[in-house]
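One file, model-v6.txt, is given below (compact mmCIF, C-alpha atoms).
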```txt
# COMPACT_ATOMS: atom_id res chain seq x y z
CA MET A 1 -150.45 146.50 74.08
CA THR A 2 -149.39 149.54 76.14
CA THR A 3 -151.52 151.84 74.00
CA GLU A 4 -154.60 149.67 74.47
CA LEU A 5 -154.17 149.65 78.24
CA GLN A 6 -153.87 153.42 78.27
CA GLU A 7 -157.04 153.81 76.23
CA ILE A 8 -158.96 151.56 78.59
CA ALA A 9 -157.71 153.53 81.56
CA ILE A 10 -158.87 156.78 80.00
CA THR A 11 -162.31 155.34 79.36
CA GLU A 12 -162.67 154.19 82.95
CA GLU A 13 -161.57 157.57 84.30
CA LYS A 14 -164.08 159.46 82.17
CA PRO A 15 -166.03 161.90 84.37
CA LEU A 16 -169.55 160.85 85.32
CA LEU A 17 -171.10 164.23 84.65
CA PRO A 18 -171.93 165.10 81.04
CA GLY A 19 -170.11 167.99 79.46
CA GLN A 20 -166.69 166.89 80.80
CA LEU A 21 -165.67 164.68 77.89
CA ASP A 22 -162.17 164.24 76.56
CA PRO A 23 -161.93 166.95 73.84
CA THR A 24 -160.23 164.64 71.32
CA LYS A 25 -162.81 161.88 71.74
CA GLU A 26 -165.65 164.38 71.62
CA ALA A 27 -164.30 165.78 68.35
CA GLU A 28 -164.01 162.29 66.84
CA ILE A 29 -167.60 161.43 67.76
CA ALA A 30 -168.89 164.75 66.41
CA ALA A 31 -167.03 164.24 63.13
CA ARG A 32 -168.40 160.72 62.73
CA ILE A 33 -171.98 161.90 63.31
CA LEU A 34 -171.61 164.82 60.89
CA LEU A 35 -170.27 162.53 58.17
CA ASP A 36 -173.01 159.93 58.66
CA HIS A 37 -176.12 161.62 57.31
CA GLY A 38 -177.65 158.22 56.59
CA GLN A 39 -178.85 156.67 53.36
CA GLU A 40 -182.46 157.57 52.61
CA HIS A 41 -184.78 155.15 50.84
CA SER A 42 -188.41 155.12 49.73
CA ILE A 43 -189.73 151.58 50.03
CA GLU A 44 -192.86 150.49 48.17
CA THR A 45 -195.39 148.60 50.28
CA PRO A 46 -199.00 147.47 49.68
CA TYR A 47 -200.17 150.60 51.52
CA GLY A 48 -197.91 153.18 49.94
CA LEU A 49 -194.34 154.45 50.12
CA VAL A 50 -192.40 154.46 53.39
CA HIS A 51 -189.40 156.65 54.10
CA VAL A 52 -186.48 154.75 55.65
CA THR A 53 -183.05 156.00 56.74
CA ILE A 54 -180.11 153.62 57.18
CA HIS A 55 -177.04 154.41 59.27
CA GLY A 56 -174.02 152.14 59.10
CA SER A 57 -173.63 148.89 57.23
CA PRO A 58 -175.08 145.43 58.05
CA LYS A 59 -172.97 143.39 60.46
CA THR A 60 -172.55 139.65 59.95
CA ARG A 61 -174.84 137.56 62.18
CA ARG A 62 -176.19 140.65 63.94
CA PRO A 63 -179.69 142.10 63.71
CA ALA A 64 -180.48 145.67 62.77
CA ILE A 65 -181.66 148.22 65.30
CA VAL A 66 -185.00 149.19 63.76
CA THR A 67 -186.80 152.21 65.22
CA TYR A 68 -190.35 153.43 64.76
CA HIS A 69 -191.32 156.83 66.14
CA ASP A 70 -194.37 158.12 67.99
CA VAL A 71 -197.21 160.38 66.85
CA GLY A 72 -196.23 164.02 66.32
CA LEU A 73 -192.59 163.03 65.78
CA ASN A 74 -190.38 161.59 63.07
CA HIS A 75 -187.27 159.47 63.40
CA LYS A 76 -185.06 162.54 63.87
CA SER A 77 -187.10 164.28 66.56
CA CYS A 78 -187.91 161.00 68.36
CA PHE A 79 -184.57 159.21 68.29
CA GLY A 80 -181.97 161.60 66.85
CA PRO A 81 -180.61 162.94 70.17
CA LEU A 82 -180.41 159.42 71.62
CA PHE A 83 -178.43 158.02 68.70
CA ARG A 84 -176.12 161.04 68.68
CA PHE A 85 -175.41 160.60 72.38
CA GLU A 86 -171.76 159.84 73.10
CA ASP A 87 -172.21 156.52 74.93
CA MET A 88 -174.63 155.28 72.26
CA GLN A 89 -171.80 155.27 69.72
CA GLU A 90 -170.45 152.07 71.25
CA ILE A 91 -173.73 150.40 70.29
CA THR A 92 -174.26 151.95 66.87
CA LYS A 93 -170.79 150.99 65.67
CA ASN A 94 -171.74 147.34 66.28
CA PHE A 95 -175.14 147.38 64.54
CA VAL A 96 -176.72 148.86 61.46
CA VAL A 97 -179.54 151.26 62.37
CA CYS A 98 -182.77 151.43 60.36
CA HIS A 99 -185.13 154.33 61.12
CA ILE A 100 -188.69 153.97 59.78
CA ASP A 101 -190.90 157.02 59.32
CA ALA A 102 -194.65 156.42 59.24
CA PRO A 103 -196.20 157.47 55.89
CA GLY A 104 -196.17 161.24 55.47
CA GLN A 105 -194.38 161.87 58.80
CA GLU A 106 -190.82 162.29 57.55
CA GLU A 107 -189.16 165.69 57.53
CA GLY A 108 -190.25 167.68 54.47
CA ALA A 109 -193.13 165.32 53.61
CA ALA A 110 -195.84 166.82 51.40
CA ALA A 111 -199.35 166.95 52.84
CA PHE A 112 -201.69 164.17 51.76
CA PRO A 113 -204.72 165.24 49.73
CA VAL A 114 -207.96 165.80 51.63
CA GLY A 115 -209.83 162.52 51.96
CA TYR A 116 -206.67 160.39 51.85
CA GLN A 117 -207.25 157.02 53.54
CA TYR A 118 -204.41 156.67 56.00
CA PRO A 119 -203.29 153.10 56.84
CA SER A 120 -204.64 151.55 60.01
CA MET A 121 -202.25 150.51 62.76
CA ASP A 122 -202.52 146.91 61.58
CA GLN A 123 -201.67 147.98 58.04
CA LEU A 124 -198.72 150.03 59.25
CA ALA A 125 -197.43 146.89 60.98
CA GLU A 126 -197.92 144.94 57.73
CA MET A 127 -195.62 147.43 55.98
CA VAL A 128 -192.68 146.56 58.26
CA PRO A 129 -191.86 143.14 56.70
CA CYS A 130 -191.63 144.77 53.27
CA ILE A 131 -188.93 147.06 54.66
CA LEU A 132 -187.01 144.38 56.53
CA GLN A 133 -187.17 141.98 53.57
CA TYR A 134 -185.93 144.72 51.26
CA PHE A 135 -182.79 145.13 53.38
CA ASN A 136 -182.70 141.53 54.66
CA PHE A 137 -182.79 142.74 58.27
CA ARG A 138 -183.91 141.21 61.50
CA ALA A 139 -185.44 143.75 63.85
CA TRP A 140 -185.49 145.53 67.25
CA GLY A 141 -187.88 148.70 68.69
CA GLY A 142 -190.08 151.90 69.04
CA ARG A 143 -192.03 154.23 71.34
CA GLY A 144 -195.71 155.07 71.72
CA ALA A 145 -197.47 154.50 68.42
CA GLY A 146 -194.25 153.07 66.99
CA ALA A 147 -193.96 150.64 69.91
CA TYR A 148 -197.51 149.43 69.24
CA ILE A 149 -196.74 148.94 65.53
CA LEU A 150 -193.59 146.92 66.20
CA SER A 151 -195.40 144.87 68.85
CA ARG A 152 -198.15 144.06 66.36
CA TYR A 153 -195.52 143.14 63.78
CA THR A 154 -193.69 140.91 66.27
CA LEU A 155 -196.86 139.04 67.19
CA THR A 156 -197.42 138.29 63.49
CA PHE A 157 -193.79 137.55 62.58
CA PRO A 158 -192.15 136.38 65.83
CA ASP A 159 -189.19 134.68 64.12
CA SER A 160 -188.04 137.89 62.44
CA VAL A 161 -187.50 139.84 65.68
CA GLU A 162 -184.66 139.20 68.10
CA GLY A 163 -185.93 141.50 70.83
CA LEU A 164 -187.93 144.64 71.57
CA VAL A 165 -187.26 147.83 73.49
CA LEU A 166 -190.70 149.42 73.86
CA ILE A 167 -190.96 152.96 75.21
CA ASN A 168 -194.37 154.10 76.53
CA VAL A 169 -196.21 151.26 74.83
CA ASP A 170 -199.98 150.86 75.20
CA VAL A 171 -201.11 147.47 73.88
CA SER A 172 -204.80 148.08 74.64
CA ALA A 173 -207.47 149.62 72.47
CA LYS A 174 -209.06 152.85 73.65
CA GLY A 175 -212.05 152.16 75.88
CA TRP A 176 -215.36 154.01 76.06
CA MET A 177 -214.05 156.35 78.72
CA ASP A 178 -211.05 157.18 76.55
CA TRP A 179 -213.32 157.70 73.56
CA ALA A 180 -215.57 160.07 75.54
CA ALA A 181 -212.57 161.99 76.85
CA GLU A 182 -211.20 162.31 73.32
CA LYS A 183 -214.52 163.71 72.08
CA LEU A 184 -214.54 166.22 74.93
CA THR A 185 -210.96 167.37 74.37
CA THR A 186 -211.68 167.74 70.66
CA LEU A 187 -214.07 170.53 71.59
CA THR A 188 -211.65 172.29 73.91
CA SER A 189 -208.13 171.44 72.71
CA SER A 190 -206.22 171.81 69.46
CA LEU A 191 -204.52 168.88 67.73
CA THR A 192 -201.15 170.16 68.93
CA GLU A 193 -202.32 170.26 72.56
CA LYS A 194 -203.71 166.74 72.36
CA ILE A 195 -200.49 165.35 70.94
CA LEU A 196 -198.41 167.19 73.55
CA GLY A 197 -200.61 165.58 76.21
CA HIS A 198 -199.76 162.24 74.62
CA LEU A 199 -196.01 162.91 74.58
CA PHE A 200 -195.36 164.72 77.86
CA SER A 201 -196.24 164.40 81.53
CA GLN A 202 -198.58 166.91 83.17
CA ASP A 203 -195.69 168.28 85.21
CA GLU A 204 -193.74 169.00 82.03
CA LEU A 205 -196.73 170.67 80.40
CA TYR A 206 -197.45 172.84 83.43
CA ALA A 207 -193.79 173.80 83.72
CA GLY A 208 -193.63 174.68 80.04
CA THR A 209 -190.14 173.25 79.75
CA GLU A 210 -187.90 174.17 76.85
CA LEU A 211 -188.39 170.69 75.39
CA VAL A 212 -192.19 171.09 75.49
CA GLN A 213 -192.00 174.52 73.87
CA THR A 214 -189.72 173.24 71.12
CA TYR A 215 -191.96 170.33 70.23
CA LYS A 216 -195.08 172.47 70.50
CA GLU A 217 -193.61 174.80 67.91
CA ASN A 218 -192.46 171.94 65.69
CA ILE A 219 -195.89 170.30 65.66
CA SER A 220 -198.04 173.42 65.35
CA GLN A 221 -195.95 174.81 62.50
CA ALA A 222 -195.41 171.52 60.68
CA PRO A 223 -196.26 171.81 56.96
CA ASN A 224 -197.57 168.23 57.10
CA LEU A 225 -199.86 168.82 60.11
CA TYR A 226 -202.72 167.16 58.23
CA ASN A 227 -200.59 164.01 57.88
CA ILE A 228 -199.88 164.09 61.61
CA GLU A 229 -203.60 164.31 62.31
CA LEU A 230 -204.23 161.24 60.14
CA PHE A 231 -201.56 159.26 62.02
CA TRP A 232 -203.06 160.43 65.33
CA LYS A 233 -206.53 159.23 64.32
CA SER A 234 -205.13 155.91 63.18
CA TYR A 235 -203.37 155.40 66.53
CA ASN A 236 -206.51 156.24 68.50
CA SER A 237 -208.41 153.63 66.45
CA ARG A 238 -205.96 150.84 67.30
CA ARG A 239 -207.15 147.37 68.22
CA ASP A 240 -206.29 145.57 71.43
CA LEU A 241 -203.21 143.36 70.96
CA ASN A 242 -204.74 140.77 73.34
CA ILE A 243 -201.46 140.07 75.05
CA ASP A 244 -201.55 137.77 78.08
CA ARG A 245 -199.29 135.25 79.76
CA GLY A 246 -200.45 132.49 77.42
CA SER A 247 -200.20 134.52 74.21
CA THR A 248 -197.46 137.07 74.38
CA LEU A 249 -194.35 138.33 72.61
CA LYS A 250 -191.88 135.47 72.24
CA SER A 251 -188.70 137.51 72.05
CA PRO A 252 -186.97 139.27 74.96
CA VAL A 253 -188.63 142.61 75.74
CA MET A 254 -187.51 145.67 77.67
CA LEU A 255 -190.41 147.94 78.63
CA VAL A 256 -189.41 151.54 79.29
CA VAL A 257 -191.51 154.32 80.80
CA GLY A 258 -190.72 157.63 82.45
CA ASP A 259 -191.90 158.39 85.96
CA GLN A 260 -195.22 160.29 85.70
CA ALA A 261 -195.32 159.72 81.93
CA PRO A 262 -198.82 159.76 80.34
CA TYR A 263 -198.65 156.02 79.66
CA GLU A 264 -197.11 154.92 82.94
CA ASP A 265 -200.18 152.90 83.98
CA ALA A 266 -200.50 151.36 80.51
CA VAL A 267 -196.88 150.16 80.57
CA VAL A 268 -197.28 148.76 84.09
CA GLU A 269 -200.38 146.86 82.92
CA CYS A 270 -198.53 145.61 79.85
CA ASN A 271 -195.73 144.35 82.07
CA SER A 272 -198.24 142.34 84.12
CA LYS A 273 -199.35 140.53 80.94
CA MET A 274 -195.89 139.65 79.66
CA ASP A 275 -193.86 136.48 80.09
CA PRO A 276 -191.82 137.30 83.23
CA THR A 277 -188.88 135.20 82.05
CA GLN A 278 -188.52 137.32 78.92
CA THR A 279 -189.38 140.80 80.16
CA SER A 280 -187.45 143.66 81.76
CA PHE A 281 -189.31 146.69 83.11
CA LEU A 282 -187.38 149.97 83.32
CA LYS A 283 -189.12 152.86 85.07
CA MET A 284 -186.98 155.98 84.81
CA ALA A 285 -187.17 158.73 87.41
CA ASP A 286 -187.03 162.39 86.41
CA SER A 287 -187.46 161.58 82.73
CA GLY A 288 -191.02 162.65 81.88
CA GLY A 289 -192.72 161.46 78.73
CA LEU A 290 -189.65 161.29 76.47
CA PRO A 291 -186.98 159.38 78.43
CA GLN A 292 -184.90 158.81 75.32
CA LEU A 293 -184.41 162.59 75.13
CA THR A 294 -184.28 163.57 78.81
CA GLN A 295 -182.26 160.62 80.16
CA PRO A 296 -180.22 159.26 77.21
CA SER A 297 -177.32 158.12 79.41
CA LYS A 298 -179.47 155.87 81.61
CA LEU A 299 -181.45 154.48 78.69
CA THR A 300 -178.25 153.77 76.76
CA GLU A 301 -176.79 151.92 79.73
CA ALA A 302 -179.93 149.82 80.15
CA PHE A 303 -179.93 149.10 76.43
CA LYS A 304 -176.33 147.85 76.67
CA TYR A 305 -177.31 145.38 79.40
CA PHE A 306 -180.26 144.23 77.32
CA VAL A 307 -178.07 143.65 74.27
CA GLN A 308 -175.45 141.85 76.35
CA GLY A 309 -178.14 139.57 77.74
CA MET A 310 -178.73 138.34 74.21
CA GLY A 311 -175.07 137.55 73.64
CA TYR A 312 -173.94 140.71 71.85
CA MET A 313 -171.24 143.20 72.88
CA PRO A 314 -169.93 141.18 75.88
CA SER A 315 -167.07 143.65 76.41
CA ALA A 316 -169.19 146.83 76.31
CA CYS A 317 -167.96 149.46 78.74
CA MET A 318 -170.38 150.21 81.58
CA THR A 319 -169.73 153.49 83.36
CA ARG A 320 -172.56 155.79 84.38
CA LEU A 321 -175.16 153.31 85.66
CA SER A 322 -172.55 151.12 87.34
CA ARG A 323 -171.32 154.09 89.35
CA SER A 324 -174.75 155.32 90.36
CA ARG A 325 -176.28 154.02 93.56
CA THR A 326 -179.38 156.17 93.82
CA ALA A 327 -181.84 153.29 93.51
CA SER A 328 -181.91 149.52 93.58
CA LEU A 329 -183.16 146.48 91.75
CA SER A 330 -186.68 146.15 93.09
CA SER A 331 -187.72 142.96 91.36
CA SER A 332 -185.59 140.26 89.81
CA TYR A 333 -185.54 136.69 88.61
CA SER A 334 -185.31 133.97 91.17
CA ILE A 335 -181.88 132.39 90.90
CA ASP A 336 -183.15 128.91 91.74
CA GLY A 337 -186.08 129.26 89.33
CA THR A 338 -188.72 128.57 91.96
CA ARG A 339 -190.36 131.95 91.65
CA SER A 340 -189.70 133.99 88.53
CA ARG A 341 -190.90 137.55 88.26
CA SER A 342 -190.35 140.23 85.63
CA ARG A 343 -187.38 142.49 86.28
CA THR A 344 -188.11 146.04 87.34
CA LEU A 345 -185.00 148.09 86.69
CA SER A 346 -184.73 151.55 88.15
CA GLN A 347 -181.94 154.01 87.54
CA GLY A 348 -178.90 153.01 89.55
CA SER A 349 -179.64 149.26 89.52
CA ASP A 350 -176.76 147.03 90.58
CA PRO A 351 -175.08 146.22 87.24
CA ASP A 352 -173.72 142.84 88.29
CA GLN A 353 -177.09 141.61 89.52
CA THR A 354 -178.82 143.09 86.48
CA ALA A 355 -176.48 141.48 83.98
CA ALA A 356 -176.89 138.13 85.66
CA THR A 357 -180.67 138.18 85.40
CA LEU A 358 -181.05 139.32 81.79
CA PRO A 359 -182.53 136.71 79.43
CA GLN A 360 -179.83 134.73 77.71
CA THR A 361 -181.77 133.86 74.54
CA MET A 362 -181.13 135.40 71.14
CA GLU A 363 -183.09 138.26 69.54
CA VAL A 364 -183.96 142.52 69.89
CA SER A 365 -186.16 146.82 69.28
CA CYS A 366 -186.05 150.76 70.18
```
As structure tokens, the full file:
Amino acid sequence: MTTELQEIAITEEKPLLPGQLDPTKEAEIAARILLDHGQEHSIETPYGLVHVTIHGSPKTRRPAIVTYHDVGLNHKSCFGPLFRFEDMQEITKNFVVCHIDAPGQEEGAAAFPVGYQYPSMDQLAEMVPCILQYFNFRAWGGRGAGAYILSRYTLTFPDSVEGLVLINVDVSAKGWMDWAAEKLTTLTSSLTEKILGHLFSQDELYAGTELVQTYKENISQAPNLYNIELFWKSYNSRRDLNIDRGSTLKSPVMLVVGDQAPYEDAVVECNSKMDPTQTSFLKMADSGGLPQLTQPSKLTEAFKYFVQGMGYMPSACMTRLSRSRTASLSSSYSIDGTRSRSRTLSQGSDPDQTAATLPQTMEVSC
């Protein structure tokens, strides 16, 4: 009993700033991550093979955290840093994690032959149940193109998803103005530049941050660049999901977008169409287009609240967000139920008020 109390005290006294971790704990986390390379699988679907990586083992009566990456990325470059983050280990030890790579997007994938018919976004969504049925998983989330795919899947198979964490989701089809702009940029911009414009904010691109330079190099020098182009074209040909208050996602949803991110307006519009009693909206300051990479601590904390709201991990330790008071909860549920609105969570939200307003139904995605 004494040992447990000491461990809890150490956790609570952990410094807020990153880089000041307890050396022993940091070593334990690093060792666990190094030993867990994941189990790789190739799953057959009606539209071809899909590369899937599993971390951990299934937990009784708990869903899997299922991720689906964005265009120009794979599961490692999109979610790897987030799932290696120290505070995220408290979540991953409680759930099995299933990373899905879109066809031909995984690390080391061979280029498709010229003329290969890449699956449409609807077909990519139809591949998801084959994967979840293979492992007997219930699901959770994605970002960008991956967020659209998992949203499409959830609309078709609502009972198989416990909740969704959607980063930079755009549920609308590209309009005529978007189509014209795409044609114009095709004449003046390379594929790499167009994808970077999809992933990062204009401020990040102008600043030429280290993260932008790294991903620019990764994309431009990718041996499967042709595959990336096919995925990009498929995403730009997506159909409108036709989400509105009367026909929307049935499971709890947390919408995440970075301040000044390319899809900030799209996520705000999506939030306006969602069921306000089931939706949380997290707009993250100083995070750019890839909040899961630039602000992993704040996203992890919000994810913990979301999971707790569905009845999982009730004793999860909240540290960073609970100590921050740089912003406030700007929109919340009405306690008496007379006027419900979707929750808008900003970094530094009051944790007690946030936890109280999270949806208490079952089900989850990131």
Taking all atoms listed in the file into account, name the residue in A:Ile43, A:Leu211, A:Met88, A:Val257 that is nearest to Pro296 of chain A.
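Closest candidate: A:Met88.
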Ala145 of chain A surroundings by all atoms listed in the file, 8 Å radius, close-in-sequence under 2 positions cut, as a PyMOL selection string
chain A and resi 69-71+142-143+147-149+169+235
Interatomic distance between atom CA of Lys59 of chain A and atom CA of Gly146 of chain A?
24.3 Å
Within 10 Å of Val171 of chain A using all atoms listed in the file, minus same-chain residues under 3 positions, as a PDB file with C-alpha atoms, in the frame of the given file:
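The resulting file, result_26.pdb, is shown below:
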```pdb
ATOM      1  CA  GLY A 144    -195.710 155.070  71.720  1.00  0.00           C
ATOM      2  CA  ALA A 145    -197.470 154.500  68.420  1.00  0.00           C
ATOM      3  CA  ALA A 147    -193.960 150.640  69.910  1.00  0.00           C
ATOM      4  CA  TYR A 148    -197.510 149.430  69.240  1.00  0.00           C
ATOM      5  CA  ILE A 149    -196.740 148.940  65.530  1.00  0.00           C
ATOM      6  CA  SER A 151    -195.400 144.870  68.850  1.00  0.00           C
ATOM      7  CA  ARG A 152    -198.150 144.060  66.360  1.00  0.00           C
ATOM      8  CA  ASN A 168    -194.370 154.100  76.530  1.00  0.00           C
ATOM      9  CA  LYS A 174    -209.060 152.850  73.650  1.00  0.00           C
ATOM     10  CA  ARG A 238    -205.960 150.840  67.300  1.00  0.00           C
ATOM     11  CA  ARG A 239    -207.150 147.370  68.220  1.00  0.00           C
ATOM     12  CA  ASP A 240    -206.290 145.570  71.430  1.00  0.00           C
ATOM     13  CA  LEU A 241    -203.210 143.360  70.960  1.00  0.00           C
ATOM     14  CA  ASN A 242    -204.740 140.770  73.340  1.00  0.00           C
ATOM     15  CA  ILE A 243    -201.460 140.070  75.050  1.00  0.00           C
ATOM     16  CA  ALA A 266    -200.500 151.360  80.510  1.00  0.00           C
ATOM     17  CA  VAL A 267    -196.880 150.160  80.570  1.00  0.00           C
ATOM     18  CA  GLU A 269    -200.380 146.860  82.920  1.00  0.00           C
ATOM     19  CA  CYS A 270    -198.530 145.610  79.850  1.00  0.00           C
TER      20      CYS A 270
END
```
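Distances here use all atoms listed in the file; by that measure, the residue among A:Leu155, A:Leu82, A:Val253, A:Ile228 closest to Asp101 of chain A is A:Ile228.
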Within 6 Å of Met254 of chain A using all atoms listed in the file, minus same-chain residues under 4 positions, as number ranges by chain
A: 165, 279-281
By how many Å are atom CA of Ala111 of chain A and atom CA of Ala222 of chain A apart?
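Between atom CA of Ala111 of chain A and atom CA of Ala222 of chain A the gap works out to 9.9 Å.
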Can you find the residues with an atom no farther than 12 Å from (-203.1, 152.2, 57.4), counting only C-alpha atoms, and report them as a PyMOL selection string?
chain A and resi 45-50+102-104+116-128+149+230-235+237-238
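Proximity to Phe137 of chain A at 6 Å, evaluated using only C-alpha atoms and with sequence-adjacent residues fewer than 2 positions away removed, yields Ala64, Leu132 and Phe135 of chain A.
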For segment 259-275 of chain A, supply N, CA, C and O atoms and report the output as an mmCIF file, keeping the file's coordinate frame.
```cif
data_model
loop_
_atom_site.group_PDB
_atom_site.id
_atom_site.type_symbol
_atom_site.label_atom_id
_atom_site.label_comp_id
_atom_site.auth_asym_id
_atom_site.auth_seq_id
_atom_site.Cartn_x
_atom_site.Cartn_y
_atom_site.Cartn_z
ATOM 1 N N ASP A 259 -191.097 158.140 84.768
ATOM 2 C CA ASP A 259 -191.900 158.390 85.960
ATOM 3 C C ASP A 259 -192.882 159.528 85.674
ATOM 4 O O ASP A 259 -192.492 160.585 85.187
ATOM 5 N N GLN A 260 -194.158 159.311 85.936
ATOM 6 C CA GLN A 260 -195.220 160.290 85.700
ATOM 7 C C GLN A 260 -195.520 160.502 84.209
ATOM 8 O O GLN A 260 -196.170 161.476 83.835
ATOM 9 N N ALA A 261 -195.032 159.622 83.354
ATOM 10 C CA ALA A 261 -195.320 159.720 81.930
ATOM 11 C C ALA A 261 -196.805 159.443 81.685
ATOM 12 O O ALA A 261 -197.461 158.743 82.476
ATOM 13 N N PRO A 262 -197.387 159.963 80.606
ATOM 14 C CA PRO A 262 -198.820 159.760 80.340
ATOM 15 C C PRO A 262 -199.219 158.293 80.273
ATOM 16 O O PRO A 262 -200.343 157.948 80.619
ATOM 17 N N TYR A 263 -198.302 157.428 79.845
ATOM 18 C CA TYR A 263 -198.650 156.020 79.660
ATOM 19 C C TYR A 263 -198.009 155.130 80.727
ATOM 20 O O TYR A 263 -197.837 153.926 80.510
ATOM 21 N N GLU A 264 -197.719 155.696 81.869
ATOM 22 C CA GLU A 264 -197.110 154.920 82.940
ATOM 23 C C GLU A 264 -197.992 153.739 83.346
ATOM 24 O O GLU A 264 -197.531 152.594 83.441
ATOM 25 N N ASP A 265 -199.274 153.979 83.571
ATOM 26 C CA ASP A 265 -200.180 152.900 83.980
ATOM 27 C C ASP A 265 -200.331 151.855 82.885
ATOM 28 O O ASP A 265 -200.413 150.655 83.171
ATOM 29 N N ALA A 266 -200.357 152.300 81.627
ATOM 30 C CA ALA A 266 -200.500 151.360 80.510
ATOM 31 C C ALA A 266 -199.290 150.443 80.421
ATOM 32 O O ALA A 266 -199.434 149.235 80.152
ATOM 33 N N VAL A 267 -198.091 150.978 80.640
ATOM 34 C CA VAL A 267 -196.880 150.160 80.570
ATOM 35 C C VAL A 267 -196.828 149.185 81.747
ATOM 36 O O VAL A 267 -196.445 148.025 81.581
ATOM 37 N N VAL A 268 -197.233 149.648 82.918
ATOM 38 C CA VAL A 268 -197.280 148.760 84.090
ATOM 39 C C VAL A 268 -198.252 147.603 83.827
ATOM 40 O O VAL A 268 -197.961 146.436 84.128
ATOM 41 N N GLU A 269 -199.410 147.909 83.245
ATOM 42 C CA GLU A 269 -200.380 146.860 82.920
ATOM 43 C C GLU A 269 -199.826 145.905 81.878
ATOM 44 O O GLU A 269 -200.002 144.685 81.980
ATOM 45 N N CYS A 270 -199.155 146.457 80.869
ATOM 46 C CA CYS A 270 -198.530 145.610 79.850
ATOM 47 C C CYS A 270 -197.523 144.667 80.475
ATOM 48 O O CYS A 270 -197.470 143.479 80.151
ATOM 49 N N ASN A 271 -196.726 145.166 81.393
ATOM 50 C CA ASN A 271 -195.730 144.350 82.070
ATOM 51 C C ASN A 271 -196.373 143.172 82.803
ATOM 52 O O ASN A 271 -195.824 142.071 82.840
ATOM 53 N N SER A 272 -197.551 143.405 83.374
ATOM 54 C CA SER A 272 -198.240 142.340 84.120
ATOM 55 C C SER A 272 -198.732 141.223 83.195
ATOM 56 O O SER A 272 -199.009 140.117 83.655
ATOM 57 N N LYS A 273 -198.845 141.524 81.899
ATOM 58 C CA LYS A 273 -199.350 140.530 80.940
ATOM 59 C C LYS A 273 -198.233 139.784 80.224
ATOM 60 O O LYS A 273 -198.499 138.826 79.502
ATOM 61 N N MET A 274 -196.999 140.216 80.418
ATOM 62 C CA MET A 274 -195.890 139.650 79.660
ATOM 63 C C MET A 274 -195.315 138.413 80.333
ATOM 64 O O MET A 274 -195.497 138.190 81.536
ATOM 65 N N ASP A 275 -194.584 137.628 79.563
ATOM 66 C CA ASP A 275 -193.860 136.480 80.090
ATOM 67 C C ASP A 275 -192.747 137.006 80.995
ATOM 68 O O ASP A 275 -191.829 137.685 80.530
#
```
